[in-house]
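Undergrad: One structure, pasted below without further comment.
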Amino acid sequence: MTRTPVFDSHFRAELAELMRWRRDVRRFRTDPVPEDLLDLLFDLAQIAPSVGNSQPWRFLRVVSAEKRAEIRRNFMACNAEALAAQSDEHAAIYARLKLAGIDAAPVQLAVFCDHATEQGHGLGSRTMPEMLDYSVVGMIAGLWLSARAAGLGLGWVSILDPAQVCAALETPPSYKFIAYLCLGWPEEEHLDPELVRNGWQVRTDFGRKIVNV
């Protein structure tokens with residue numbers, strides 16, 4: 001029988017600290033990330049639970065300058081559209097925000113959910129097929145925490161056209177784009193989120209999101 005681990009108060013305090021420091025990073029140094037560290041992070045991330053044990057996540061590591069340039073053009077076009085859609089009040093703040101680390105991050109990952117996977121045999125996803133996507137997101141959360149614990153930063157670039165990403169990376173039709181992740185050594189460290197620090201949106205108390213029914 002496997003021994004049940006005991007997570008003492010010291011460990012729980014450090015876990016809380018790790019979660020507070022897990023911030024979206026957009027400013028990276030260009031120093032490479034050791035391959036053995038990346039392998040360790042991927043192994044830890046894929047311990048994540050998934051609906052029906054389907055493990056539907058698929059990674060494409062974007063290394064070529066050509067592919068990265070396509071992703072950057074995608075981001076720039078989508079970012080310009082998003083800026084144009086802002087009100088006068090928010091446009092100036094939006095224009096000042098650093099919203100992606102794709103120019104410097106040494107590791108860039110496109111993450112997909114394979115909706116054609118036979119693993120898991122459809123358990124738990126027949127009535128809620130989106131559970132496959134949520135499983136991938138849960139895996140990413142684990143990767144994020146593991147990266148932060150190793151001193152790395154991770155940024156999730158969401159200002160992208162998913163169809164263009166799939167076309168640029170020539171993915172199978174069954175692959176649904178979930179995330180474009182930038183991973184590397186942070187250029188600077190902050191406990192507060194960048195959007196809070198730059199006046200975009202303050203955080204609200206979580207208790208306000210809970211309603212008893």
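Residue numbering restarts at 1 for every chain of the structure tokens, chains are lettered A, B, ... in their displayed order, and ligands are numbered from 1 as they appear.
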Please extract the residues of region 13-89 of chain A with a backbone DSSP assignment of strand (DSSP E or B) and present them as a list in words.
TA: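 Strand (DSSP E or B) assignments inside region 13-89 of chain A correspond to Asp24, Phe28, Trp57, Arg58, Phe59, Leu60 and Arg61 of chain A.
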Undergrad: Sorted by chain and rising residue number, list the residues of region 158-192 of chain A at most 12 Å from region 16-38 of chain A (counting only C-alpha atoms), each with its closest atom pair and distance in Å to one decimal, as JSON lines.
TA:
{"residue": "A:Ser158", "atom": "CA", "partner": "A:Asp24", "partner_atom": "CA", "distance": 11.5}
{"residue": "A:Leu181", "atom": "CA", "partner": "A:Val25", "partner_atom": "CA", "distance": 10.0}
{"residue": "A:Cys182", "atom": "CA", "partner": "A:Arg26", "partner_atom": "CA", "distance": 7.9}
{"residue": "A:Leu183", "atom": "CA", "partner": "A:Phe28", "partner_atom": "CA", "distance": 8.1}
{"residue": "A:Gly184", "atom": "CA", "partner": "A:Phe28", "partner_atom": "CA", "distance": 6.1}
{"residue": "A:Trp185", "atom": "CA", "partner": "A:Arg29", "partner_atom": "CA", "distance": 5.6}
{"residue": "A:Pro186", "atom": "CA", "partner": "A:Phe28", "partner_atom": "CA", "distance": 4.6}
{"residue": "A:Glu187", "atom": "CA", "partner": "A:Phe28", "partner_atom": "CA", "distance": 4.7}
{"residue": "A:Glu188", "atom": "CA", "partner": "A:Arg27", "partner_atom": "CA", "distance": 7.0}
{"residue": "A:Glu189", "atom": "CA", "partner": "A:Trp21", "partner_atom": "CA", "distance": 8.8}
{"residue": "A:His190", "atom": "CA", "partner": "A:Trp21", "partner_atom": "CA", "distance": 7.7}
{"residue": "A:Leu191", "atom": "CA", "partner": "A:Trp21", "partner_atom": "CA", "distance": 5.5}
{"residue": "A:Asp192", "atom": "CA", "partner": "A:Arg23", "partner_atom": "CA", "distance": 7.8}
Undergrad: Could you save the residues just selected, with all heavy atoms, as a compact mmCIF listing (two decimals), in the first residue's frame?
TA:
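The new file out-v8.txt reads:
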# COMPACT_ATOMS: atom_id res chain seq x y z
N SER A 158 -3.23 34.93 -25.61
CA SER A 158 -4.60 34.63 -26.06
C SER A 158 -5.05 35.56 -27.18
O SER A 158 -6.14 35.38 -27.74
CB SER A 158 -5.58 34.74 -24.88
OG SER A 158 -5.57 36.05 -24.34
N LEU A 181 1.90 29.28 -25.48
CA LEU A 181 2.61 29.53 -24.24
C LEU A 181 4.04 29.98 -24.51
O LEU A 181 4.75 29.37 -25.32
CB LEU A 181 2.63 28.27 -23.37
CG LEU A 181 1.28 27.64 -23.05
CD1 LEU A 181 1.48 26.36 -22.25
CD2 LEU A 181 0.37 28.61 -22.31
N CYS A 182 4.45 31.02 -23.82
CA CYS A 182 5.83 31.48 -23.84
C CYS A 182 6.47 31.10 -22.51
O CYS A 182 5.92 31.37 -21.45
CB CYS A 182 5.89 32.99 -24.03
SG CYS A 182 5.28 33.56 -25.63
N LEU A 183 7.64 30.50 -22.58
CA LEU A 183 8.29 29.97 -21.38
C LEU A 183 9.75 30.37 -21.37
O LEU A 183 10.44 30.27 -22.39
CB LEU A 183 8.17 28.44 -21.38
CG LEU A 183 8.75 27.66 -20.21
CD1 LEU A 183 8.01 27.97 -18.92
CD2 LEU A 183 8.68 26.16 -20.51
N GLY A 184 10.22 30.86 -20.23
CA GLY A 184 11.62 31.24 -20.13
C GLY A 184 11.91 31.90 -18.80
O GLY A 184 11.07 31.93 -17.89
N TRP A 185 13.11 32.45 -18.69
CA TRP A 185 13.53 33.12 -17.46
C TRP A 185 12.99 34.53 -17.43
O TRP A 185 13.18 35.29 -18.37
CB TRP A 185 15.06 33.13 -17.37
CG TRP A 185 15.67 31.78 -17.51
CD1 TRP A 185 16.34 31.29 -18.59
CD2 TRP A 185 15.65 30.72 -16.54
NE1 TRP A 185 16.75 30.01 -18.38
CE2 TRP A 185 16.34 29.62 -17.12
CE3 TRP A 185 15.13 30.59 -15.26
CZ2 TRP A 185 16.51 28.41 -16.45
CZ3 TRP A 185 15.30 29.39 -14.60
CH2 TRP A 185 15.99 28.32 -15.18
N PRO A 186 12.27 34.92 -16.38
CA PRO A 186 11.69 36.26 -16.33
C PRO A 186 12.76 37.35 -16.34
O PRO A 186 13.82 37.20 -15.72
CB PRO A 186 10.91 36.28 -15.00
CG PRO A 186 10.73 34.84 -14.64
CD PRO A 186 11.92 34.13 -15.18
N GLU A 187 12.46 38.41 -17.03
CA GLU A 187 13.36 39.58 -17.05
C GLU A 187 13.25 40.37 -15.76
O GLU A 187 14.19 41.03 -15.32
CB GLU A 187 13.00 40.47 -18.25
CG GLU A 187 13.98 41.58 -18.53
CD GLU A 187 13.57 42.36 -19.77
OE1 GLU A 187 12.63 43.18 -19.67
OE2 GLU A 187 14.18 42.13 -20.83
N GLU A 188 12.07 40.32 -15.15
CA GLU A 188 11.83 41.01 -13.89
C GLU A 188 10.79 40.22 -13.10
O GLU A 188 10.06 39.41 -13.66
CB GLU A 188 11.34 42.44 -14.14
CG GLU A 188 10.15 42.52 -15.06
CD GLU A 188 9.80 43.95 -15.49
OE1 GLU A 188 10.74 44.75 -15.68
OE2 GLU A 188 8.59 44.23 -15.63
N GLU A 189 10.74 40.46 -11.80
CA GLU A 189 9.83 39.72 -10.93
C GLU A 189 8.85 40.67 -10.27
O GLU A 189 9.23 41.74 -9.78
CB GLU A 189 10.62 38.98 -9.83
CG GLU A 189 11.64 37.98 -10.36
CD GLU A 189 11.03 36.63 -10.69
OE1 GLU A 189 9.79 36.52 -10.63
OE2 GLU A 189 11.78 35.69 -10.99
N HIS A 190 7.57 40.28 -10.26
CA HIS A 190 6.53 41.08 -9.61
C HIS A 190 5.54 40.15 -8.94
O HIS A 190 5.14 39.13 -9.52
CB HIS A 190 5.79 41.96 -10.62
CG HIS A 190 6.65 43.01 -11.24
ND1 HIS A 190 6.93 44.20 -10.62
CD2 HIS A 190 7.29 43.04 -12.45
CE1 HIS A 190 7.71 44.93 -11.41
NE2 HIS A 190 7.94 44.26 -12.52
N LEU A 191 5.13 40.51 -7.73
CA LEU A 191 4.10 39.73 -7.04
C LEU A 191 2.71 40.09 -7.55
O LEU A 191 1.82 39.24 -7.60
CB LEU A 191 4.19 39.97 -5.54
CG LEU A 191 3.22 39.16 -4.66
CD1 LEU A 191 3.41 37.67 -4.88
CD2 LEU A 191 3.43 39.50 -3.19
N ASP A 192 2.52 41.34 -7.95
CA ASP A 192 1.20 41.77 -8.43
C ASP A 192 1.08 41.52 -9.93
O ASP A 192 2.06 41.58 -10.67
CB ASP A 192 0.95 43.25 -8.11
CG ASP A 192 2.01 44.16 -8.71
OD1 ASP A 192 3.15 43.70 -8.92
OD2 ASP A 192 1.71 45.33 -8.99
Undergrad: Please list as a list in words every residue within 8 Å of region 142-146 of chain A, counting only C-alpha atoms and excluding residues in the same chain fewer than 5 positions away.
TA: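 Answer for this query is Leu18, Met19, Arg22, Leu41, Phe42, Leu44, Ala45, Ala48, Gly153 and Leu154 of chain A.
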Undergrad: Would you mind telling me which residue in A:Met1, A:Ile159, A:Ala104, A:Val51 lies nearest to Thr117 (chain A) when using only C-alpha atoms?
TA: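 Among the listed residues, the smallest separation from Thr117 (chain A) belongs to A:Val51.
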Undergrad: As a list in words, please: the residues near Val136 (chain A) (cut-off 8 Å, only C-alpha atoms, same-chain neighbours under 6 positions excluded).
TA: Ser50, Gln55, Pro56, Trp57, Phe112, Cys113 and Ile178 of chain A
Undergrad: Using only C-alpha atoms, find each residue of region 95-149 of chain A with at least one atom at most 10 Å away from an atom of region 167-173 of chain A; report its shortest atom-to-atom pair and that distance in Å (one decimal), sort the rows by chain and rising residue number, and return the result as JSON lines.
TA:
{"residue": "A:Ala110", "atom": "CA", "partner": "A:Leu169", "partner_atom": "CA", "distance": 8.8}
{"residue": "A:Phe112", "atom": "CA", "partner": "A:Thr171", "partner_atom": "CA", "distance": 9.1}
{"residue": "A:Asp114", "atom": "CA", "partner": "A:Pro172", "partner_atom": "CA", "distance": 8.7}
{"residue": "A:His115", "atom": "CA", "partner": "A:Pro173", "partner_atom": "CA", "distance": 9.0}
{"residue": "A:Ala116", "atom": "CA", "partner": "A:Pro173", "partner_atom": "CA", "distance": 8.9}
Undergrad: Save the residues we just selected, C-alpha atoms, as a JSON list (two decimals), in the first residue's frame?
TA:
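Once written, selection09.json looks like this:
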[["chain", "number", "residue", "atom", "x", "y", "z"],
["A", 110, "ALA", "CA", 1.33, 25.71, -29.09],
["A", 112, "PHE", "CA", -3.93, 21.64, -28.61],
["A", 114, "ASP", "CA", -7.05, 16.24, -29.79],
["A", 115, "HIS", "CA", -10.79, 15.67, -30.12],
["A", 116, "ALA", "CA", -10.18, 12.51, -32.12]]
Undergrad: Mind pulling up the distance from CA of Arg58 (chain A) to CA of Met76 (chain A)?
TA: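 These two atoms are separated by 25.0 Å.
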